[in-house]
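**Student:** First, the structure itself, so that you have it in front of you.
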Amino acid sequence: MNPNLDVSAIRADFPALHQQVFKKPLVYLDNAATTQKPKVVIERLQHYYELENSNIHRGVHHLSQQATVAFEQARKTIAELVHAANSYEIIFTRGTTESVNLVASSLGRLLMKKGDHVLVTAIEHHSNMVPWQQLCEQYDSNLLVARFDQQGVIDLEHYQQLLEKRPKIVAIAHISNALGTINPVKEMISMAHKLDIPVLVDGAQSIAHCPIDVQDLDCDFYAFSAHKAYGPMGIGVLYGKEKWLEKMPPYQFGGEMVDQVSFEKTSFNCLPFKFEAGTPNVGGVLGMETAMNYILEKGYDAIAAHENALLAYATQQLKNIEGLRIFGESPNKASVISFLVHEIHPFDLGTLLDKMGIALRTGHHCAQPIMDFYNIPGTVRASFAMYNTFEEVDVLIQAIKKASAMLR
Amino acid sequence: MSIESIQQTIIDEFSSFDDWMDKYNLLIEMGKDTPMIEAQYKTNNHLISGCQSRVWLHASYRDGKVYFTADSDAVITKGIVNLLIRVFSEQTPDAILNVDLGFLDKIGLKEHLSPTRSNGLLSMVKQMKMYAQVFKLKNG
Ligand SMILES: Cc1ncc(COP(=O)(O)O)c(C=O)c1O
């Protein structure tokens, strides 16, 4: 185990981990869907609603001023976290899905003409596929989809071929939620940029696990959700390069995002407010800031070292189970393991594991094309966070053995 | 047998087990007795849309009673399907339309019929009642 990460101290920070389900201690392995929240985040939300609640940016009164300062400070914290050049390049959204929709709608309107393409990969979450597919439909064109191989690795040659069809936008996952593949996004971005094509990176699965430097990646957009990184639900981020955000038309209209309004004409506010119509989720933003600071305090290196050790241990233990197949064996992989045992239906296995106290996910993980590729109805997926332990992996292994014996 | 007494029988069968794994073991075993849907009906037309496991259901009508056959690709689902068939099959359309599924609560399987449990069993009950309704109208 990594000496820098005190996992038992971390576990003590997470109230939800210390409960029983079906009279068994909860083993929470559904972190790719959402992580549990540390006390500091819960307390941050509570403090906001108890003492700080007020509408921001437009009040002269004390509480409003204070909340505005806190809100804009959080934007700076997030900008530093992802190494954005400017804090106004950080737009607060409801989450990854809304961030992608914002770009699809707004950049779509800016760049797309009839017959123009968008390029995604075949391992995208539906949230980073359906918005583009709909955009393409609107512009009478086809979505270009880069293939992946049996291991779950993107075929970069195919990707290059598709780039040569000059799509207007490229959208790729940093880490696949279904297979765990870490995509070589930096390389993929540079390939796209050689042809002057902007790239959106779906970072939903990365923000809790690895440091993000949007300037080093040189991505044009980066999207993530707070709830997958120990923060509250209903809040997330879109990073966008200033040069694009400046040119893009607003996504939604209303209060806050406007400058001058009359019935004849409305002019829009500057960045980032142009893209934040209406009252934002202030409490959520502050909770997200606390969650990100929590991650930074533990350290991405220590977190990654621990999670990689869990991944390696779990992979090795799972492979010892007779008839178990792992889906997604990219050499560069995050702490997500999708698997099936013999011909057992994932729903059956998941149901019994649940009864043994183990929370994990079964089904297609919002990535149906991947399941079609492997010709399977879905998988069982275990995903690890910084608070998971080797003992929990052991419990999982024993439970899979027991359930499989019952189901065969 | 009346629907009530069938339900009571099922409750009795489950009552000897406290442990969840034993209950599910029983359910898995029960799935094996499901009146199998004939191959010709195991088509998309007879598929009940559910998120995770697939269920095929067929109904026929003889002498005032409805008969169901089914199959599923998941064995636990199949067990629950068989429970439902034991309750619904060989009953009159009226009995089916008025059925109370409280027994599932008593044996601890109610969660499988909650709308949030995306396994299509709720749709299966709806479909069974729909068949009953159609047979009733046709033969009423
Ligand atoms: C890779 C990926 N992209 C996008 C999403 C969507 O995130 P959200 O539902 O928070 O908008 C998820 C969530 O499962 C994901 O794993």
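If you're wondering about the labels, chains in the structure tokens are A, B, ... by order shown, residues count from 1 in each chain, ligands from 1 in order shown.
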Quick one: pick out all strand (DSSP E or B) residues within chain B from a backbone DSSP run and write them as a PyMOL selection string.
**Tutor:** chain B and resi 36+47-48+55-62+65-72+91
**Student:** How would you write, as a PyMOL selection string, the set of residues no farther than 7 Å from ligand 1 when counting only C-alpha atoms and all ligand atoms?
**Tutor:** chain A and resi 32-33+95-98+124-125+127-128+173+175-177+202-205+225+227
**Student:** Give me, as a ChimeraX atom specification, the residues of region 241-398 of chain A that a backbone DSSP run labels helix (DSSP H, G or I).
**Tutor:** /A:242-247,273-275,282-298,300-319,346-355,368-374,390-398
**Student:** Could you tell me which residues of chain B sit within 12 Å of chain A when counting only C-alpha atoms, and give me the result as a PyMOL selection string?
**Tutor:** chain B and resi 18-29+31-32+50-54+72-80+108-109+111-112+117-120
**Student:** Next, dump the selected residues to file, keeping only N, CA and C atoms, as a short mmCIF file (atom, residue, chain, number, x, y, z; two decimals), in the first residue's frame.
**Tutor:**
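Okay, this is what ended up in selection.cif:
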data_model
loop_
_atom_site.label_atom_id
_atom_site.label_comp_id
_atom_site.auth_asym_id
_atom_site.auth_seq_id
_atom_site.Cartn_x
_atom_site.Cartn_y
_atom_site.Cartn_z
N ASP B 18 -34.49 -17.23 6.35
CA ASP B 18 -34.19 -15.87 6.81
C ASP B 18 -33.13 -15.25 5.93
N ASP B 19 -32.22 -16.12 5.52
CA ASP B 19 -31.05 -15.62 4.82
C ASP B 19 -31.39 -15.31 3.36
N TRP B 20 -30.90 -14.15 2.94
CA TRP B 20 -31.18 -13.72 1.57
C TRP B 20 -30.69 -14.73 0.54
N MET B 21 -29.54 -15.29 0.79
CA MET B 21 -28.97 -16.18 -0.21
C MET B 21 -29.85 -17.42 -0.35
N ASP B 22 -30.43 -17.87 0.77
CA ASP B 22 -31.32 -19.04 0.69
C ASP B 22 -32.58 -18.71 -0.12
N LYS B 23 -33.09 -17.50 0.14
CA LYS B 23 -34.28 -17.09 -0.63
C LYS B 23 -34.00 -17.07 -2.12
N TYR B 24 -32.83 -16.54 -2.46
CA TYR B 24 -32.52 -16.46 -3.89
C TYR B 24 -32.21 -17.83 -4.48
N ASN B 25 -31.67 -18.70 -3.64
CA ASN B 25 -31.46 -20.07 -4.10
C ASN B 25 -32.79 -20.71 -4.49
N LEU B 26 -33.78 -20.49 -3.64
CA LEU B 26 -35.11 -21.03 -3.90
C LEU B 26 -35.67 -20.44 -5.20
N LEU B 27 -35.48 -19.14 -5.33
CA LEU B 27 -35.98 -18.44 -6.52
C LEU B 27 -35.34 -19.00 -7.79
N ILE B 28 -34.03 -19.23 -7.70
CA ILE B 28 -33.30 -19.77 -8.86
C ILE B 28 -33.85 -21.15 -9.21
N GLU B 29 -34.08 -21.97 -8.18
CA GLU B 29 -34.64 -23.30 -8.41
C GLU B 29 -36.02 -23.20 -9.05
N GLY B 31 -37.18 -20.97 -10.92
CA GLY B 31 -37.09 -20.54 -12.30
C GLY B 31 -37.06 -21.71 -13.26
N LYS B 32 -36.50 -22.81 -12.77
CA LYS B 32 -36.36 -23.98 -13.64
C LYS B 32 -37.70 -24.62 -13.97
N GLY B 50 -37.25 -4.26 -20.79
CA GLY B 50 -36.73 -3.97 -19.47
C GLY B 50 -35.29 -3.64 -19.69
N CYS B 51 -34.64 -3.00 -18.77
CA CYS B 51 -33.30 -2.50 -19.05
C CYS B 51 -32.25 -3.59 -19.10
N GLN B 52 -32.30 -4.53 -18.20
CA GLN B 52 -31.15 -5.42 -18.05
C GLN B 52 -31.38 -6.84 -18.55
N SER B 53 -32.32 -7.55 -17.93
CA SER B 53 -32.52 -8.92 -18.40
C SER B 53 -33.73 -8.94 -19.33
N ARG B 54 -33.73 -9.91 -20.23
CA ARG B 54 -34.82 -9.97 -21.21
C ARG B 54 -35.86 -11.00 -20.76
N SER B 72 -36.63 -16.20 -19.63
CA SER B 72 -35.76 -15.04 -19.43
C SER B 72 -34.32 -15.48 -19.57
N ASP B 73 -33.45 -14.54 -19.91
CA ASP B 73 -32.03 -14.88 -20.04
C ASP B 73 -31.30 -14.75 -18.70
N ALA B 74 -31.99 -14.28 -17.65
CA ALA B 74 -31.37 -14.20 -16.33
C ALA B 74 -32.13 -15.14 -15.39
N VAL B 75 -31.42 -15.93 -14.61
CA VAL B 75 -32.11 -16.98 -13.86
C VAL B 75 -32.91 -16.44 -12.68
N ILE B 76 -32.45 -15.35 -12.07
CA ILE B 76 -33.23 -14.78 -10.96
C ILE B 76 -34.51 -14.16 -11.52
N THR B 77 -34.37 -13.46 -12.61
CA THR B 77 -35.56 -12.91 -13.26
C THR B 77 -36.53 -14.03 -13.58
N LYS B 78 -35.99 -15.12 -14.09
CA LYS B 78 -36.84 -16.24 -14.46
C LYS B 78 -37.58 -16.79 -13.25
N GLY B 79 -36.91 -16.82 -12.12
CA GLY B 79 -37.56 -17.27 -10.89
C GLY B 79 -38.74 -16.37 -10.53
N ILE B 80 -38.52 -15.08 -10.65
CA ILE B 80 -39.60 -14.15 -10.32
C ILE B 80 -40.73 -14.26 -11.34
N GLY B 108 -40.36 -10.58 0.67
CA GLY B 108 -39.15 -9.74 0.58
C GLY B 108 -38.68 -9.46 -0.83
N LEU B 109 -39.55 -9.66 -1.81
CA LEU B 109 -39.10 -9.45 -3.19
C LEU B 109 -39.76 -8.24 -3.84
N GLU B 111 -38.98 -5.25 -3.93
CA GLU B 111 -38.07 -4.34 -4.63
C GLU B 111 -37.98 -4.65 -6.12
N HIS B 112 -38.18 -5.92 -6.46
CA HIS B 112 -38.05 -6.28 -7.87
C HIS B 112 -39.19 -5.73 -8.71
N ARG B 117 -36.44 -0.28 -10.18
CA ARG B 117 -35.65 -1.47 -10.45
C ARG B 117 -35.82 -1.78 -11.92
N SER B 118 -34.81 -1.47 -12.69
CA SER B 118 -35.05 -1.48 -14.13
C SER B 118 -34.94 -2.88 -14.72
N ASN B 119 -35.77 -3.78 -14.26
CA ASN B 119 -35.68 -5.12 -14.83
C ASN B 119 -36.95 -5.53 -15.55
N GLY B 120 -37.84 -4.60 -15.73
CA GLY B 120 -38.97 -4.88 -16.60
C GLY B 120 -40.07 -5.73 -15.97
#
**Student:** Skipping near chain neighbours, those fewer than 5 positions away, what residues fall within 8 Å of Trp132 (chain A) using only C-alpha atoms, listed as a ChimeraX atom specification?
**Tutor:** /A:104,118,143
**Student:** Leaving out Ala12 (chain A) and any residue of its chain fewer than 6 positions from it, which residues lie within 9 Å of it when counting only C-alpha atoms, given as a PyMOL selection string?
**Tutor:** chain A and resi 18+38-39
**Student:** Nearest to Tyr251 (chain A) among A:Gly59, A:Gly115, A:Gly278, A:Pro331, with distances taken over only C-alpha atoms: which residue is it?
**Tutor:** A:Gly278
**Student:** My list of candidates is B:Ile48, B:Leu122, B:Ile37, B:Ala132. Which is closest to Asn98 (chain B) when distances are computed with only C-alpha atoms?
**Tutor:**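 Smallest distance to Asn98 (chain B) is found for B:Ala132.
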**Student:** Kindly give the distance, in Å, that separates CA of Asp116 (chain A) and CA of Ser141 (chain A), rounded to a single decimal.
**Tutor:**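 Between CA of Asp116 (chain A) and CA of Ser141 (chain A) the gap is 5.9 Å.
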**Student:** Can you tell me which residues surround Tyr61 (chain B) at a distance of at most 10 Å, considering only C-alpha atoms, apart from same-chain residues fewer than 4 positions away, and format the answer as an NGL selection string?
**Tutor:** :B and (65-68 or 90-93 or 131-132 or 135-136 or 139)
**Student:** Write the residues of the selection above to a file with all heavy atoms, as a JSON list (two decimals), in the first residue's frame.
**Tutor:**
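Result saved to result_27.json:
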[["chain", "number", "residue", "atom", "x", "y", "z"],
["B", 65, "LYS", "N", -60.11, -19.28, -19.09],
["B", 65, "LYS", "CA", -58.92, -19.00, -18.28],
["B", 65, "LYS", "C", -57.72, -18.62, -19.16],
["B", 65, "LYS", "O", -57.62, -19.03, -20.31],
["B", 65, "LYS", "CB", -58.56, -20.23, -17.45],
["B", 65, "LYS", "CG", -59.55, -20.44, -16.32],
["B", 65, "LYS", "CD", -59.17, -21.66, -15.50],
["B", 65, "LYS", "CE", -60.10, -21.77, -14.29],
["B", 65, "LYS", "NZ", -59.93, -23.04, -13.60],
["B", 66, "VAL", "N", -56.82, -17.86, -18.55],
["B", 66, "VAL", "CA", -55.63, -17.40, -19.27],
["B", 66, "VAL", "C", -54.44, -18.26, -18.85],
["B", 66, "VAL", "O", -54.26, -18.55, -17.66],
["B", 66, "VAL", "CB", -55.34, -15.92, -18.96],
["B", 66, "VAL", "CG1", -54.20, -15.40, -19.83],
["B", 66, "VAL", "CG2", -56.58, -15.06, -19.14],
["B", 67, "TYR", "N", -53.64, -18.65, -19.83],
["B", 67, "TYR", "CA", -52.44, -19.45, -19.56],
["B", 67, "TYR", "C", -51.21, -18.71, -20.06],
["B", 67, "TYR", "O", -51.19, -18.23, -21.18],
["B", 67, "TYR", "CB", -52.54, -20.80, -20.28],
["B", 67, "TYR", "CG", -53.66, -21.67, -19.72],
["B", 67, "TYR", "CD1", -54.98, -21.45, -20.11],
["B", 67, "TYR", "CD2", -53.38, -22.68, -18.80],
["B", 67, "TYR", "CE1", -56.01, -22.22, -19.59],
["B", 67, "TYR", "CE2", -54.41, -23.46, -18.28],
["B", 67, "TYR", "CZ", -55.72, -23.22, -18.67],
["B", 67, "TYR", "OH", -56.74, -23.98, -18.15],
["B", 68, "PHE", "N", -50.21, -18.62, -19.21],
["B", 68, "PHE", "CA", -48.99, -17.90, -19.59],
["B", 68, "PHE", "C", -47.81, -18.86, -19.72],
["B", 68, "PHE", "O", -47.68, -19.82, -18.94],
["B", 68, "PHE", "CB", -48.61, -16.87, -18.53],
["B", 68, "PHE", "CG", -49.59, -15.71, -18.44],
["B", 68, "PHE", "CD1", -50.52, -15.65, -17.41],
["B", 68, "PHE", "CD2", -49.57, -14.70, -19.40],
["B", 68, "PHE", "CE1", -51.41, -14.60, -17.33],
["B", 68, "PHE", "CE2", -50.45, -13.63, -19.31],
["B", 68, "PHE", "CZ", -51.38, -13.58, -18.27],
["B", 90, "GLU", "N", -53.80, -19.79, -15.37],
["B", 90, "GLU", "CA", -54.97, -20.62, -15.07],
["B", 90, "GLU", "C", -55.99, -19.85, -14.24],
["B", 90, "GLU", "O", -56.70, -20.43, -13.42],
["B", 90, "GLU", "CB", -54.58, -21.89, -14.31],
["B", 90, "GLU", "CG", -53.83, -22.89, -15.16],
["B", 90, "GLU", "CD", -53.54, -24.18, -14.40],
["B", 90, "GLU", "OE1", -54.50, -24.80, -13.91],
["B", 90, "GLU", "OE2", -52.35, -24.52, -14.28],
["B", 91, "GLN", "N", -56.03, -18.56, -14.41],
["B", 91, "GLN", "CA", -57.03, -17.74, -13.72],
["B", 91, "GLN", "C", -57.92, -17.07, -14.75],
["B", 91, "GLN", "O", -57.57, -16.97, -15.92],
["B", 91, "GLN", "CB", -56.34, -16.67, -12.86],
["B", 91, "GLN", "CG", -55.39, -17.21, -11.82],
["B", 91, "GLN", "CD", -56.08, -17.99, -10.70],
["B", 91, "GLN", "OE1", -57.28, -17.87, -10.50],
["B", 91, "GLN", "NE2", -55.32, -18.80, -9.99],
["B", 92, "THR", "N", -59.08, -16.62, -14.30],
["B", 92, "THR", "CA", -59.97, -15.89, -15.21],
["B", 92, "THR", "C", -59.42, -14.47, -15.41],
["B", 92, "THR", "O", -58.70, -13.96, -14.54],
["B", 92, "THR", "CB", -61.38, -15.76, -14.61],
["B", 92, "THR", "OG1", -61.28, -14.98, -13.41],
["B", 92, "THR", "CG2", -61.97, -17.13, -14.30],
["B", 93, "PRO", "N", -59.76, -13.86, -16.52],
["B", 93, "PRO", "CA", -59.30, -12.48, -16.74],
["B", 93, "PRO", "C", -59.66, -11.56, -15.58],
["B", 93, "PRO", "O", -58.83, -10.74, -15.17],
["B", 93, "PRO", "CB", -60.03, -12.07, -18.03],
["B", 93, "PRO", "CG", -60.23, -13.34, -18.76],
["B", 93, "PRO", "CD", -60.47, -14.39, -17.70],
["B", 131, "TYR", "N", -53.02, -8.63, -21.38],
["B", 131, "TYR", "CA", -53.54, -9.84, -22.03],
["B", 131, "TYR", "C", -54.91, -10.19, -21.45],
["B", 131, "TYR", "O", -55.86, -10.51, -22.18],
["B", 131, "TYR", "CB", -52.59, -11.03, -21.78],
["B", 131, "TYR", "CG", -51.46, -11.16, -22.79],
["B", 131, "TYR", "CD1", -50.13, -11.15, -22.38],
["B", 131, "TYR", "CD2", -51.73, -11.34, -24.15],
["B", 131, "TYR", "CE1", -49.09, -11.30, -23.28],
["B", 131, "TYR", "CE2", -50.69, -11.50, -25.07],
["B", 131, "TYR", "CZ", -49.38, -11.47, -24.63],
["B", 131, "TYR", "OH", -48.35, -11.62, -25.52],
["B", 132, "ALA", "N", -55.02, -10.14, -20.12],
["B", 132, "ALA", "CA", -56.27, -10.50, -19.47],
["B", 132, "ALA", "C", -57.39, -9.59, -19.97],
["B", 132, "ALA", "O", -58.50, -10.04, -20.28],
["B", 132, "ALA", "CB", -56.12, -10.40, -17.95],
["B", 135, "PHE", "N", -58.36, -10.55, -23.55],
["B", 135, "PHE", "CA", -59.17, -11.79, -23.60],
["B", 135, "PHE", "C", -60.57, -11.52, -23.07],
["B", 135, "PHE", "O", -61.55, -12.06, -23.56],
["B", 135, "PHE", "CB", -58.50, -12.90, -22.78],
["B", 135, "PHE", "CG", -57.26, -13.45, -23.43],
["B", 135, "PHE", "CD1", -56.07, -13.58, -22.73],
["B", 135, "PHE", "CD2", -57.28, -13.86, -24.78],
["B", 135, "PHE", "CE1", -54.93, -14.09, -23.32],
["B", 135, "PHE", "CE2", -56.14, -14.37, -25.38],
["B", 135, "PHE", "CZ", -54.96, -14.48, -24.66],
["B", 136, "LYS", "N", -60.66, -10.68, -22.09],
["B", 136, "LYS", "CA", -61.96, -10.36, -21.51],
["B", 136, "LYS", "C", -62.84, -9.65, -22.53],
["B", 136, "LYS", "O", -64.01, -10.01, -22.72],
["B", 136, "LYS", "CB", -61.75, -9.47, -20.28],
["B", 136, "LYS", "CG", -63.04, -9.16, -19.54],
["B", 136, "LYS", "CD", -62.79, -8.31, -18.32],
["B", 136, "LYS", "CE", -64.12, -7.76, -17.83],
["B", 136, "LYS", "NZ", -63.98, -7.02, -16.58],
["B", 139, "ASN", "N", -63.82, -12.08, -25.40],
["B", 139, "ASN", "CA", -64.68, -13.21, -25.05],
["B", 139, "ASN", "C", -65.77, -12.84, -24.06],
["B", 139, "ASN", "O", -66.54, -13.70, -23.66],
["B", 139, "ASN", "CB", -63.84, -14.35, -24.46],
["B", 139, "ASN", "CG", -62.74, -14.77, -25.41],
["B", 139, "ASN", "OD1", -63.01, -15.46, -26.37],
["B", 139, "ASN", "ND2", -61.52, -14.32, -25.15]]
**Student:** Have a look at B:Val125, B:Met1, B:Val87, B:Leu57 and name the one nearest to Glu38 (chain B); count only C-alpha atoms.
**Tutor:** B:Leu57
